[in-house]
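**Student:** Enclosed is the structure file model18.cif (mmCIF, C-alpha atoms).
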```cif
data_target
#
loop_
_atom_site.label_atom_id
_atom_site.label_comp_id
_atom_site.auth_asym_id
_atom_site.auth_seq_id
_atom_site.Cartn_x
_atom_site.Cartn_y
_atom_site.Cartn_z
CA MET A 1 -15.66 8.27 9.84
CA SER A 2 -18.66 6.90 11.76
CA ARG A 3 -18.55 5.18 15.14
CA LEU A 4 -15.77 2.66 15.28
CA ASN A 5 -16.36 -0.23 17.63
CA ASP A 6 -13.71 -2.83 18.32
CA GLN A 7 -15.16 -5.21 15.77
CA ARG A 8 -15.08 -2.58 13.05
CA LEU A 9 -11.53 -1.58 13.98
CA LEU A 10 -10.41 -5.20 13.75
CA GLU A 11 -12.05 -5.50 10.34
CA LEU A 12 -10.25 -2.39 9.16
CA LEU A 13 -6.95 -3.62 10.58
CA ARG A 14 -7.28 -6.88 8.67
CA ALA A 15 -8.27 -4.99 5.57
CA ALA A 16 -5.16 -2.81 5.93
CA HIS A 17 -3.07 -5.95 6.24
CA GLU A 18 -4.65 -7.41 3.11
CA VAL A 19 -4.06 -4.21 1.13
CA ASN A 20 -0.40 -4.38 2.15
CA ASN A 21 -0.38 -7.91 0.77
CA LEU A 22 -2.07 -6.68 -2.36
CA GLU A 23 0.70 -4.14 -2.90
CA THR A 24 3.61 -6.34 -1.98
CA GLY A 25 2.45 -9.78 -3.04
CA MET A 26 1.77 -9.18 -6.70
CA THR A 27 4.39 -11.66 -7.85
CA ASP A 28 3.02 -14.66 -5.96
CA SER A 29 2.48 -17.41 -8.41
CA PRO A 30 0.05 -20.24 -7.82
CA PRO A 31 -2.78 -20.26 -5.29
CA ALA A 32 -1.77 -21.20 -1.78
CA CYS A 33 -3.65 -24.50 -1.81
CA THR A 34 -1.47 -26.00 -4.52
CA ALA A 35 1.68 -24.25 -3.44
CA LYS A 36 1.68 -25.51 0.15
CA PRO A 37 2.50 -29.21 -0.21
CA LEU A 38 5.01 -28.54 -2.96
CA SER A 39 6.84 -25.87 -1.02
CA LEU A 40 6.95 -28.07 2.09
CA VAL A 41 8.63 -30.91 0.22
CA LEU A 42 10.91 -28.47 -1.52
CA ARG A 43 11.79 -26.81 1.75
CA ARG A 44 12.71 -30.13 3.37
CA ARG A 45 14.90 -31.08 0.44
CA LEU A 46 16.60 -27.71 0.42
CA PHE A 47 17.18 -27.97 4.15
CA ALA A 48 18.75 -31.41 3.82
CA ILE A 49 20.94 -30.30 0.92
CA SER A 50 22.10 -27.15 2.66
CA ALA A 51 22.84 -29.05 5.88
CA LEU A 52 24.92 -31.55 3.92
CA ALA A 53 26.72 -28.76 2.07
CA ALA A 54 27.45 -26.96 5.31
CA MET A 55 28.94 -30.11 6.84
CA VAL A 56 31.14 -30.71 3.80
CA ALA A 57 32.25 -27.08 3.83
CA LEU A 58 33.13 -27.30 7.52
CA VAL A 59 35.20 -30.45 7.00
CA VAL A 60 37.02 -28.91 4.01
CA ALA A 61 37.62 -25.65 5.90
CA ALA A 62 39.00 -27.52 8.90
CA TRP A 63 41.29 -29.53 6.65
CA ILE A 64 42.56 -26.39 4.82
CA VAL A 65 43.18 -24.62 8.12
CA SER A 66 45.08 -27.57 9.51
CA VAL A 67 47.20 -27.91 6.34
CA ASN A 68 47.99 -24.19 5.91
CA ALA A 69 48.29 -23.20 9.51
CA PRO A 70 51.63 -21.48 10.20
CA GLN A 71 51.72 -22.86 13.73
CA PRO A 72 53.72 -26.00 14.10
CA GLN A 73 51.13 -27.61 16.39
CA PRO A 74 48.55 -29.20 14.11
CA THR A 75 46.83 -30.82 17.05
CA GLN A 76 45.74 -27.42 18.42
CA PRO A 77 43.92 -25.65 15.63
CA THR A 78 43.47 -21.96 16.26
CA ILE A 79 40.36 -20.18 15.22
CA ASN A 80 40.99 -17.03 13.33
CA PRO A 81 37.80 -14.97 13.08
CA ARG A 82 38.91 -13.50 9.78
CA THR A 83 38.97 -16.83 8.07
CA THR A 84 35.42 -17.52 9.06
CA ALA A 85 34.17 -14.09 8.16
CA SER A 86 32.57 -13.72 4.79
CA SER A 87 33.91 -11.22 2.34
CA SER A 88 31.58 -8.50 3.46
CA THR A 89 32.48 -5.00 2.45
CA THR A 90 31.17 -1.82 3.88
CA ASN A 91 29.55 0.34 1.29
CA THR A 92 30.82 3.78 2.09
CA GLU A 93 29.57 5.24 -1.13
CA PRO A 94 26.92 7.81 -0.42
CA THR A 95 23.64 6.74 -1.86
CA ASP A 96 20.48 8.68 -2.25
CA GLU A 97 18.48 5.57 -2.98
CA PRO A 98 15.58 5.20 -0.56
CA ASP A 99 14.91 2.27 1.73
CA THR A 100 13.60 -0.37 -0.63
CA ASN A 101 11.45 -2.22 1.85
CA PRO A 102 8.14 -2.42 0.00
CA ASP A 103 6.20 -2.45 3.29
CA THR A 104 7.51 0.91 4.39
CA ARG A 105 5.37 3.83 3.36
CA SER A 106 6.34 7.43 3.44
CA ALA A 107 5.07 10.84 2.43
CA VAL A 108 6.72 13.36 0.16
CA VAL A 109 5.81 16.82 -1.06
CA LEU A 110 7.01 17.94 -4.50
CA ALA A 111 7.02 21.51 -5.73
CA ILE A 112 7.28 21.53 -9.52
CA GLY A 113 8.05 24.76 -11.33
CA GLU A 114 6.96 25.15 -14.96
CA THR A 115 8.57 27.55 -17.44
CA ASP A 116 6.64 29.80 -19.83
CA THR A 117 7.09 27.16 -22.51
CA GLY A 118 5.65 24.38 -20.38
CA GLU A 119 9.01 22.79 -19.58
CA LEU A 120 10.31 21.77 -16.19
CA ALA A 121 11.93 24.78 -14.55
CA CYS A 122 12.80 23.08 -11.30
CA VAL A 123 11.60 20.55 -8.82
CA ASN A 124 12.14 20.52 -5.09
CA TRP A 125 10.98 17.84 -2.75
CA SER A 126 10.88 17.20 0.93
CA ALA A 127 10.05 14.12 2.93
CA ASP A 128 9.84 15.83 6.29
CA VAL A 129 7.33 18.60 5.88
CA LEU A 130 4.25 16.60 6.80
CA GLN A 131 5.70 15.88 10.25
CA GLY A 132 4.02 12.61 11.00
CA ARG A 133 0.69 13.48 9.44
CA THR A 134 -0.91 11.93 6.43
CA ILE A 135 -1.93 13.93 3.40
CA HIS A 136 -5.54 13.62 4.57
CA GLN A 137 -4.67 15.92 7.41
CA VAL A 138 -3.28 18.69 5.21
CA ASN A 139 -5.80 21.15 3.86
CA ASP A 140 -5.53 23.07 0.59
CA GLU A 141 -4.19 26.24 2.15
CA GLU A 142 -1.46 24.36 3.92
CA LEU A 143 -0.64 22.45 0.76
CA LYS A 144 -0.18 25.77 -0.97
CA ARG A 145 2.03 27.05 1.85
CA LEU A 146 4.14 23.90 1.75
CA GLY A 147 4.58 24.31 -1.99
CA MET A 148 5.58 27.95 -1.69
CA ALA A 149 8.11 27.06 0.99
CA LEU A 150 9.67 24.45 -1.27
CA MET A 151 9.52 26.53 -4.45
CA CYS A 152 12.85 27.19 -6.13
CA GLU A 153 13.91 30.53 -7.56
CA SER A 154 13.92 29.64 -11.24
CA PRO A 155 11.44 31.79 -13.14
CA SER A 156 8.22 29.85 -13.41
CA ARG A 157 4.77 30.64 -14.65
CA ARG A 158 3.15 27.98 -12.54
CA MET A 159 3.84 25.62 -9.72
CA ILE A 160 2.28 22.22 -9.15
CA VAL A 161 2.39 21.06 -5.56
CA VAL A 162 2.09 17.32 -5.19
CA ALA A 163 1.73 15.71 -1.76
CA MET A 164 1.86 11.96 -1.97
CA GLU A 165 2.20 8.96 0.23
CA GLY A 166 2.83 5.35 -0.60
CA PRO A 167 5.46 2.61 -0.48
CA GLN A 168 8.99 3.96 -0.36
CA THR A 169 9.87 1.98 -3.44
CA VAL A 170 7.55 4.04 -5.62
CA ILE A 171 7.67 7.43 -3.89
CA PRO A 172 10.21 9.76 -5.53
CA THR A 173 12.80 10.32 -2.85
CA THR A 174 15.75 11.01 -5.11
CA ASN A 175 16.37 14.01 -7.31
CA GLN A 176 16.35 11.89 -10.43
CA ARG A 177 13.05 10.22 -9.68
CA ALA A 178 11.50 13.51 -8.63
CA SER A 179 12.50 15.13 -11.95
CA GLU A 180 11.25 12.16 -13.96
CA MET A 181 7.89 12.35 -12.24
CA ALA A 182 7.76 16.13 -12.63
CA ARG A 183 8.47 15.93 -16.38
CA CYS A 184 5.85 13.25 -16.82
CA LEU A 185 3.24 15.33 -14.98
CA LEU A 186 4.01 18.45 -16.99
CA LYS A 187 3.59 16.52 -20.22
CA ALA A 188 0.17 15.13 -19.26
CA PRO A 189 -2.67 17.18 -20.78
CA ALA A 190 -4.81 16.81 -17.65
CA CYS A 191 -2.07 18.51 -15.64
CA GLY A 192 -1.82 21.48 -18.00
CA PRO A 193 -2.33 25.04 -16.77
CA ASN A 194 -5.67 25.52 -18.49
CA GLN A 195 -7.29 22.22 -17.75
CA PHE A 196 -5.70 21.12 -14.51
CA ASP A 197 -7.80 18.49 -12.84
CA GLN A 198 -6.46 16.72 -9.79
CA THR A 199 -8.18 13.40 -10.40
CA ARG A 200 -7.32 13.17 -14.07
CA CYS A 201 -3.80 14.45 -13.51
CA ALA A 202 -3.25 11.80 -10.82
CA ASN A 203 -4.56 9.18 -13.24
CA ALA A 204 -2.40 10.33 -16.12
CA GLY A 205 -0.05 7.39 -15.72
CA CYS A 206 2.79 9.19 -13.94
CA LEU A 207 1.91 7.81 -10.51
CA THR A 208 1.53 4.18 -9.60
CA PRO A 209 -1.72 2.91 -8.10
CA GLU A 210 -0.22 2.40 -4.63
CA ILE A 211 0.14 6.14 -4.13
CA ASN A 212 -2.49 8.45 -2.77
CA VAL A 213 -1.99 12.00 -3.77
CA ARG A 214 -3.17 15.58 -3.42
CA MET A 215 -2.26 18.16 -6.02
CA LYS A 216 -2.67 21.83 -6.48
CA SER A 217 -1.82 24.01 -9.43
CA ILE A 218 -0.78 27.54 -8.52
CA ALA A 219 -0.36 30.26 -11.15
CA LEU A 220 2.66 32.44 -10.42
CA LYS A 221 2.34 34.93 -13.28
CA MET B 1 -18.62 -17.71 -18.96
CA SER B 2 -17.05 -15.16 -21.13
CA ARG B 3 -14.12 -13.23 -19.77
CA THR B 4 -14.65 -9.86 -21.25
CA GLU B 5 -12.65 -7.32 -19.36
CA PRO B 6 -13.88 -3.78 -19.60
CA GLN B 7 -12.02 -1.86 -22.23
CA PRO B 8 -10.16 1.14 -20.93
CA GLU B 9 -11.61 4.47 -21.92
CA ARG B 10 -9.86 7.51 -23.30
CA THR B 11 -9.73 9.35 -20.02
CA GLU B 12 -7.99 6.79 -17.78
CA PRO B 13 -6.36 4.24 -20.04
CA SER B 14 -2.98 3.90 -18.46
CA GLU B 15 -4.19 3.94 -14.89
CA PHE B 16 -6.85 1.30 -15.41
CA THR B 17 -4.75 -0.99 -17.55
CA SER B 18 -1.74 -0.76 -15.27
CA ALA B 19 -3.89 -1.36 -12.19
CA PHE B 20 -5.57 -4.31 -13.89
CA ALA B 21 -2.24 -5.76 -14.93
CA ARG B 22 -0.74 -5.36 -11.49
CA PHE B 23 -3.59 -6.25 -9.19
CA GLY B 24 -5.79 -8.43 -11.42
CA PRO B 25 -4.10 -11.73 -10.49
CA TRP B 26 -4.16 -10.91 -6.78
CA VAL B 27 -7.83 -9.92 -6.85
CA ARG B 28 -8.80 -13.12 -8.63
CA ARG B 29 -6.66 -15.28 -6.37
CA THR B 30 -8.10 -13.68 -3.24
CA LEU B 31 -11.65 -14.11 -4.49
CA LEU B 32 -10.90 -17.69 -5.46
CA GLN B 33 -9.83 -18.45 -1.90
CA ARG B 34 -12.89 -16.73 -0.50
CA VAL B 35 -15.32 -18.70 -2.65
CA ASN B 36 -13.67 -22.05 -1.94
CA ASN B 37 -11.91 -22.40 -5.28
CA ARG B 38 -15.02 -22.08 -7.44
CA HIS B 39 -13.32 -20.72 -10.53
CA ASP B 40 -16.46 -19.62 -12.36
CA VAL B 41 -17.67 -17.64 -9.36
CA ALA B 42 -14.24 -16.07 -8.85
CA ASP B 43 -14.15 -15.05 -12.53
CA ASP B 44 -17.59 -13.53 -12.29
CA LEU B 45 -16.79 -11.60 -9.10
CA SER B 46 -13.45 -10.50 -10.50
CA GLN B 47 -15.23 -9.03 -13.52
CA ARG B 48 -17.62 -7.16 -11.24
CA VAL B 49 -14.71 -5.74 -9.29
CA TRP B 50 -12.96 -4.43 -12.38
CA LYS B 51 -16.19 -3.12 -13.84
CA GLY B 52 -16.71 -1.20 -10.60
CA VAL B 53 -13.18 0.17 -10.64
CA PHE B 54 -13.43 1.11 -14.28
CA GLU B 55 -16.71 2.95 -13.77
CA ALA B 56 -15.36 4.74 -10.72
CA LEU B 57 -12.38 5.98 -12.71
CA ARG B 58 -14.49 6.90 -15.70
CA ASP B 59 -17.09 8.76 -13.66
CA ARG B 60 -14.46 10.31 -11.43
CA ARG B 61 -15.93 8.82 -8.29
CA TYR B 62 -12.47 7.78 -7.16
CA ASP B 63 -10.61 10.55 -5.36
CA PRO B 64 -6.84 9.94 -5.33
CA SER B 65 -6.35 12.30 -2.42
CA ARG B 66 -8.44 10.16 -0.13
CA SER B 67 -6.95 6.75 -0.83
CA ALA B 68 -4.48 4.95 -3.02
CA LEU B 69 -6.03 3.25 -6.04
CA SER B 70 -4.90 -0.12 -4.73
CA THR B 71 -6.85 0.48 -1.51
CA PHE B 72 -9.89 1.56 -3.48
CA ILE B 73 -9.69 -1.60 -5.60
CA TYR B 74 -9.58 -3.59 -2.38
CA ALA B 75 -12.66 -1.76 -1.07
CA VAL B 76 -14.54 -2.52 -4.29
CA MET B 77 -13.52 -6.15 -4.01
CA GLN B 78 -14.68 -6.33 -0.40
CA ASN B 79 -18.01 -4.85 -1.39
CA VAL B 80 -18.49 -7.22 -4.32
CA HIS B 81 -17.67 -10.19 -2.15
CA ARG B 82 -19.92 -8.97 0.66
CA GLU B 83 -22.83 -8.61 -1.75
CA PHE B 84 -22.17 -12.04 -3.15
CA ALA B 85 -22.06 -13.62 0.33
CA ARG B 86 -25.32 -11.90 1.24
CA GLY B 87 -26.93 -13.12 -1.96
CA GLU B 88 -25.76 -16.66 -1.26
CA SER B 89 -27.10 -16.72 2.27
CA ARG B 90 -30.39 -15.27 1.05
CA GLN B 91 -30.58 -17.93 -1.60
CA MET B 92 -29.86 -20.67 0.92
CA ALA B 93 -32.60 -19.37 3.15
CA ARG B 94 -35.05 -19.55 0.29
CA THR B 95 -34.22 -22.89 -1.24
CA ASP B 96 -37.55 -24.28 -0.06
CA SER B 97 -39.50 -21.71 -1.95
CA ALA B 98 -38.82 -21.77 -5.65
CA VAL B 99 -37.95 -18.13 -5.74
CA HIS B 100 -34.39 -17.31 -6.80
CA LEU B 101 -33.26 -13.79 -6.29
CA HIS B 102 -29.65 -14.19 -7.19
CA GLY B 103 -29.55 -11.65 -9.95
CA GLU B 104 -27.36 -8.61 -10.33
CA PRO B 105 -25.86 -7.30 -7.11
CA THR B 106 -27.07 -4.02 -5.73
CA GLU B 107 -24.96 -1.08 -6.81
CA ALA B 108 -22.56 0.01 -4.10
CA ASP B 109 -22.78 3.54 -2.84
CA PRO B 110 -19.66 5.16 -4.37
CA ALA B 111 -19.26 7.50 -1.42
CA SER B 112 -19.23 4.62 1.04
CA LEU B 113 -16.61 2.79 -1.02
CA MET B 114 -14.44 5.88 -0.98
CA ASP B 115 -15.00 6.22 2.79
CA GLU B 116 -14.05 2.60 3.29
CA ALA B 117 -10.87 3.01 1.25
CA GLU B 118 -9.98 6.18 3.14
CA SER B 119 -10.49 4.48 6.50
CA ILE B 120 -8.25 1.59 5.45
CA ASP B 121 -5.52 3.97 4.31
CA ARG B 122 -5.67 5.86 7.59
CA ILE B 123 -5.28 2.58 9.47
CA ARG B 124 -2.28 1.78 7.29
CA ALA B 125 -0.81 5.14 8.14
CA ALA B 126 -1.37 4.44 11.83
CA LEU B 127 0.32 1.04 11.55
CA ASP B 128 3.30 2.62 9.81
CA GLY B 129 3.61 5.17 12.60
CA ARG B 130 2.69 8.03 10.31
CA LEU B 131 -0.22 9.15 12.46
CA ALA B 132 0.81 10.86 15.67
CA GLY B 133 -0.71 9.61 18.90
CA LEU B 134 0.12 5.94 18.83
CA GLU B 135 2.85 4.42 20.98
CA PRO B 136 5.26 2.02 19.25
CA THR B 137 3.97 -0.76 21.52
CA ASP B 138 0.41 -0.02 20.35
CA ALA B 139 1.52 -0.20 16.73
CA GLU B 140 3.14 -3.56 17.41
CA VAL B 141 -0.05 -4.93 18.98
CA LEU B 142 -2.12 -3.53 16.10
CA ARG B 143 0.18 -5.06 13.50
CA LEU B 144 -0.23 -8.45 15.17
CA LEU B 145 -4.01 -8.01 15.28
CA ALA B 146 -4.00 -6.98 11.63
CA ALA B 147 -2.19 -10.20 10.80
CA GLY B 148 -5.06 -12.05 12.48
CA ALA B 149 -3.50 -12.85 15.86
CA THR B 150 -5.87 -14.08 18.55
CA ASP B 151 -5.52 -13.06 22.21
CA ARG B 152 -3.61 -16.22 22.93
CA GLU B 153 -1.20 -15.69 20.02
CA LEU B 154 -0.83 -12.09 21.08
CA ALA B 155 0.13 -13.24 24.58
CA ARG B 156 2.70 -15.67 23.22
CA LYS B 157 4.27 -13.14 20.86
CA LEU B 158 4.36 -10.36 23.44
CA ASN B 159 5.54 -12.78 26.11
CA VAL B 160 2.83 -11.76 28.56
CA SER B 161 -0.18 -13.47 30.12
CA PRO B 162 -3.41 -13.72 28.08
CA SER B 163 -5.19 -11.25 30.36
CA THR B 164 -2.38 -8.72 29.94
CA ALA B 165 -2.45 -9.29 26.19
CA HIS B 166 -6.20 -8.66 26.17
CA ALA B 167 -5.72 -5.45 28.17
CA ARG B 168 -3.02 -4.26 25.76
CA LYS B 169 -5.25 -5.05 22.84
CA LYS B 170 -8.09 -3.00 24.31
CA ALA B 171 -5.74 -0.12 25.07
CA ALA B 172 -4.24 -0.19 21.58
CA LEU B 173 -7.68 -0.25 19.97
CA ASP B 174 -8.86 2.62 22.18
CA ARG B 175 -5.83 4.71 21.23
CA LEU B 176 -6.31 3.88 17.55
CA ARG B 177 -9.94 4.94 17.84
CA SER B 178 -8.93 8.23 19.43
CA VAL B 179 -6.36 8.82 16.67
CA LEU B 180 -8.89 8.06 13.95
CA GLU B 181 -11.77 9.91 15.54
CA PRO B 182 -10.20 13.02 17.00
CA ASN B 183 -12.18 15.92 18.36
CA PRO B 184 -13.96 17.76 15.58
CA ASN B 185 -11.77 20.35 13.92
CA PRO B 186 -12.55 22.82 11.19
CA ASP B 187 -10.15 21.24 8.71
CA SER B 188 -11.80 17.84 8.74
CA ALA B 189 -14.76 18.90 6.66
CA GLU B 190 -12.61 20.81 4.24
CA ARG B 191 -11.29 17.85 2.30
CA HIS B 192 -14.76 16.70 1.36
CA THR B 193 -15.63 20.02 -0.18
CA ARG B 194 -12.37 20.59 -1.96
CA SER B 195 -13.09 21.72 -5.46
CA ASP B 196 -10.72 24.58 -6.09
CA GLN B 197 -8.24 22.96 -8.38
CA GLN B 198 -7.49 26.22 -10.06
CA PRO B 199 -5.85 29.07 -8.21
#
```
If you convert what's in this file into structure tokens, what do you get?
**Tutor:**
Amino acid sequence: MSRLNDQRLLELLRAAHEVNNLETGMTDSPPACTAKPLSLVLRRRLFAISALAAMVALVVAAWIVSVNAPQPQPTQPTINPRTTASSSTTNTEPTDEPDTNPDTRSAVVLAIGETDTGELACVNWSADVLQGRTIHQVNDEELKRLGMALMCESPSRRMIVVAMEGPQTVIPTTNQRASEMARCLLKAPACGPNQFDQTRCANAGCLTPEINVRMKSIALK
Amino acid sequence: MSRTEPQPERTEPSEFTSAFARFGPWVRRTLLQRVNNRHDVADDLSQRVWKGVFEALRDRRYDPSRSALSTFIYAVMQNVHREFARGESRQMARTDSAVHLHGEPTEADPASLMDEAESIDRIRAALDGRLAGLEPTDAEVLRLLAAGATDRELARKLNVSPSTAHARKKAALDRLRSVLEPNPNPDSAERHTRSDQQP
């Protein structure tokens, strides 16, 4: 990177912001110029309707409380926090789904083992191994070391190490998504043992465009 | 103006078509805003962007390890728009003479596009806190600056005086610069010469 003055840094910061919009704002419909006046009117109407609905709900709730209250003093309504609480439940079920905030980006390293027949032998992944660095800061030797450290013990003829970073919504941070991606990569001809090519393998349709990726194919037999 | 999108080639069909499907509307919309809602110009520029992306994929000038494809597409779009703006200002300067030099834009240097995309991705990493060396307060200031905040807006959002906001901005930019331009290390040159895909 050449000399970065403040002006250039500000340009890059704005560009980074716009790329985030590019990745997260794909579903915007019409251009902002036509959307603005419409959404303003719509917002005002929605606000008025919701305010009215809230008032009605409050009156109805107060009436129900006063009718059903067990206390014999209807002139002194008691406020029970439980009645005003919504039916929120705590989800105690363990989930291995990642944070789905599309703005959050993370980095993951996958070590994919391939059997002698070209099938998926195993896949291990780790989200912590880069320790606050980006994949730009990891050289080939280190990528290889990271892969070897993650490699599972199933007999494999080859390992593909994939270091990737991108939005958490598209990075494989569950076992299921990691295996799906691994199978897809092993099926792609450009990722094959004889014609492995990082650029073509990355463009084989298994990774989404928001991800930047480094790959290495390591023969084990 | 005909709207002939480049046909995907054998080598990168899925990547190009999926990128076009996902980012095409955003690219066109952004360009439309930048050219003051001139639809024909936005269509033309949009075609140039996708032609550039397609050629970069086909000729393997895009390196996925250096930036995400979305960032690269953005860099191509920036370049196309920059060239267009230059051409327009040149044309305005020469309206008196009858010479019109508003032909095909100059071809962008592929390496510089890749550098631009890489720089943007590194800034994104810094904003996300994935590059060591930045304080959380710096990242907050940088995020506000990235969203286009002026010194005065910065002061209001950080609840400090404008002079303090300006000082924090300078400090955050200095730290970002030091994170992005660290002391030379032997690994930094390595990624540009990486060619050993095979063991």
**Student:** Can you pull out every residue within 9 Å of Met148 in chain A, counting all atoms listed in the file, but drop anything in the same chain fewer than 4 positions away, and send it as a PyMOL selection string?
**Tutor:** chain A and resi 111+143-144+152+159+161
**Student:** For this file, the PyMOL selection byres ((chain B and resi 71) around 12) selects which residues, as a ChimeraX atom specification?
**Tutor:** /A:12,15-23,166,209-212 /B:19,23,27,53,62-70,72-78,113-124
**Student:** For the residues in that selection, give me C-alpha atoms as a compact mmCIF listing (two decimals), in the coordinates of the input.
**Tutor:**
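What ended up in result.txt:
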```
# COMPACT_ATOMS: atom_id res chain seq x y z
CA LEU A 12 -10.25 -2.39 9.16
CA ALA A 15 -8.27 -4.99 5.57
CA ALA A 16 -5.16 -2.81 5.93
CA HIS A 17 -3.07 -5.95 6.24
CA GLU A 18 -4.65 -7.41 3.11
CA VAL A 19 -4.06 -4.21 1.13
CA ASN A 20 -0.40 -4.38 2.15
CA ASN A 21 -0.38 -7.91 0.77
CA LEU A 22 -2.07 -6.68 -2.36
CA GLU A 23 0.70 -4.14 -2.90
CA GLY A 166 2.83 5.35 -0.60
CA PRO A 209 -1.72 2.91 -8.10
CA GLU A 210 -0.22 2.40 -4.63
CA ILE A 211 0.14 6.14 -4.13
CA ASN A 212 -2.49 8.45 -2.77
CA ALA B 19 -3.89 -1.36 -12.19
CA PHE B 23 -3.59 -6.25 -9.19
CA VAL B 27 -7.83 -9.92 -6.85
CA VAL B 53 -13.18 0.17 -10.64
CA TYR B 62 -12.47 7.78 -7.16
CA ASP B 63 -10.61 10.55 -5.36
CA PRO B 64 -6.84 9.94 -5.33
CA SER B 65 -6.35 12.30 -2.42
CA ARG B 66 -8.44 10.16 -0.13
CA SER B 67 -6.95 6.75 -0.83
CA ALA B 68 -4.48 4.95 -3.02
CA LEU B 69 -6.03 3.25 -6.04
CA SER B 70 -4.90 -0.12 -4.73
CA PHE B 72 -9.89 1.56 -3.48
CA ILE B 73 -9.69 -1.60 -5.60
CA TYR B 74 -9.58 -3.59 -2.38
CA ALA B 75 -12.66 -1.76 -1.07
CA VAL B 76 -14.54 -2.52 -4.29
CA MET B 77 -13.52 -6.15 -4.01
CA GLN B 78 -14.68 -6.33 -0.40
CA LEU B 113 -16.61 2.79 -1.02
CA MET B 114 -14.44 5.88 -0.98
CA ASP B 115 -15.00 6.22 2.79
CA GLU B 116 -14.05 2.60 3.29
CA ALA B 117 -10.87 3.01 1.25
CA GLU B 118 -9.98 6.18 3.14
CA SER B 119 -10.49 4.48 6.50
CA ILE B 120 -8.25 1.59 5.45
CA ASP B 121 -5.52 3.97 4.31
CA ARG B 122 -5.67 5.86 7.59
CA ILE B 123 -5.28 2.58 9.47
CA ARG B 124 -2.28 1.78 7.29
```
**Student:** Translate the PyMOL selection byres ((chain A and resi 206) around 10) into a concrete residue list for this structure, as a PyMOL selection string.
**Tutor:** (chain A and resi 180-188+201-205+207-209) or (chain B and resi 14-15)
**Student:** Out of B:Glu140, B:Arg168, B:Val41, B:Gly24, which residue has the shortest atom-to-atom distance to Ala85 in chain B when counting all atoms listed in the file?
**Tutor:** B:Val41
**Student:** In Å, how far is it from CA of Arg143 in chain B to CA of Leu13 in chain A?
**Tutor:**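 Value for the CA of Arg143 in chain B-CA of Leu13 in chain A distance: 7.8 Å.
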**Student:** Counting only C-alpha atoms, figure out which residue out of A:Arg14, A:Lys221, A:Arg157, A:Arg45 gets nearest to chain B.
**Tutor:** A:Arg14
**Student:** In Å, how far is it from CA of Ala93 in chain B to CA of Asn5 in chain A?
**Tutor:** 29.0 Å
**Student:** Quick one: 4 Å padding each side, axis-aligned, all listed atoms of range 138-150 of chain A - centre and edge lengths in Å to one decimal, as AutoDock Vina command-line options?
**Tutor:**
```
--center_x 1.9 --center_y 23.3 --center_z 1.6 --size_x 23.5 --size_y 17.3 --size_z 15.2
```
**Student:** Please write as a ChimeraX atom specification the full residue list that the PyMOL selection byres ((chain A and resi 125-128) around 7) yields on this file.
**Tutor:** /A:107-111,123-124,129-131,150
**Student:** Using only C-alpha atoms, find all polymer residues with an atom at most 12 Å away from the point (16.2, 31.7, -8.8); report them as a ChimeraX atom specification.
**Tutor:** /A:113,121-122,151-156
**Student:** Rank A:Ile135, A:Val56, A:Leu146, A:Ile160 by their smallest atom-to-atom distance to chain B, using only C-alpha atoms, and report the top residue only.
**Tutor:**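 Among A:Ile135, A:Val56, A:Leu146, A:Ile160, it is A:Ile135 that comes nearest to chain B.
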**Student:** Looking at B:Ser89, B:Ser46, B:Asn159, B:Asn37, which one is nearest to chain A, with distances taken over only C-alpha atoms?
**Tutor:**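 Among B:Ser89, B:Ser46, B:Asn159, B:Asn37, it is B:Asn37 that comes nearest to chain A.
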**Student:** Would you pick out the contacts of Asp128 in chain B at 8 Å or less, using only C-alpha atoms, so that residues sharing its chain but fewer than 3 positions from it are not included, and give the list as JSON, numbers by chain?
**Tutor:** {"A": [104, 105], "B": [124, 125, 131, 139]}
**Student:** Interatomic distance between CA of Ala149 in chain A and CA of Ser217 in chain A?
**Tutor:**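 So the two atoms, CA of Ala149 in chain A and CA of Ser217 in chain A, lie 14.7 Å apart.
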**Student:** Write out as a list of chain:residue names the residues lying within 8 Å of Gly132 in chain A, counting only C-alpha atoms and excluding same-chain residues fewer than 6 positions away.
**Tutor:** B:Gly129, B:Arg130, B:Leu131, B:Ala132
**Student:** If you count all atoms listed in the file, which residues fall within 12 Å of range 169-174 of chain B, apart from same-chain ones fewer than 2 positions away, as a ChimeraX atom specification?
**Tutor:** /A:4-13 /B:123,126-127,133-146,149-155,158,160,162-167,176-182
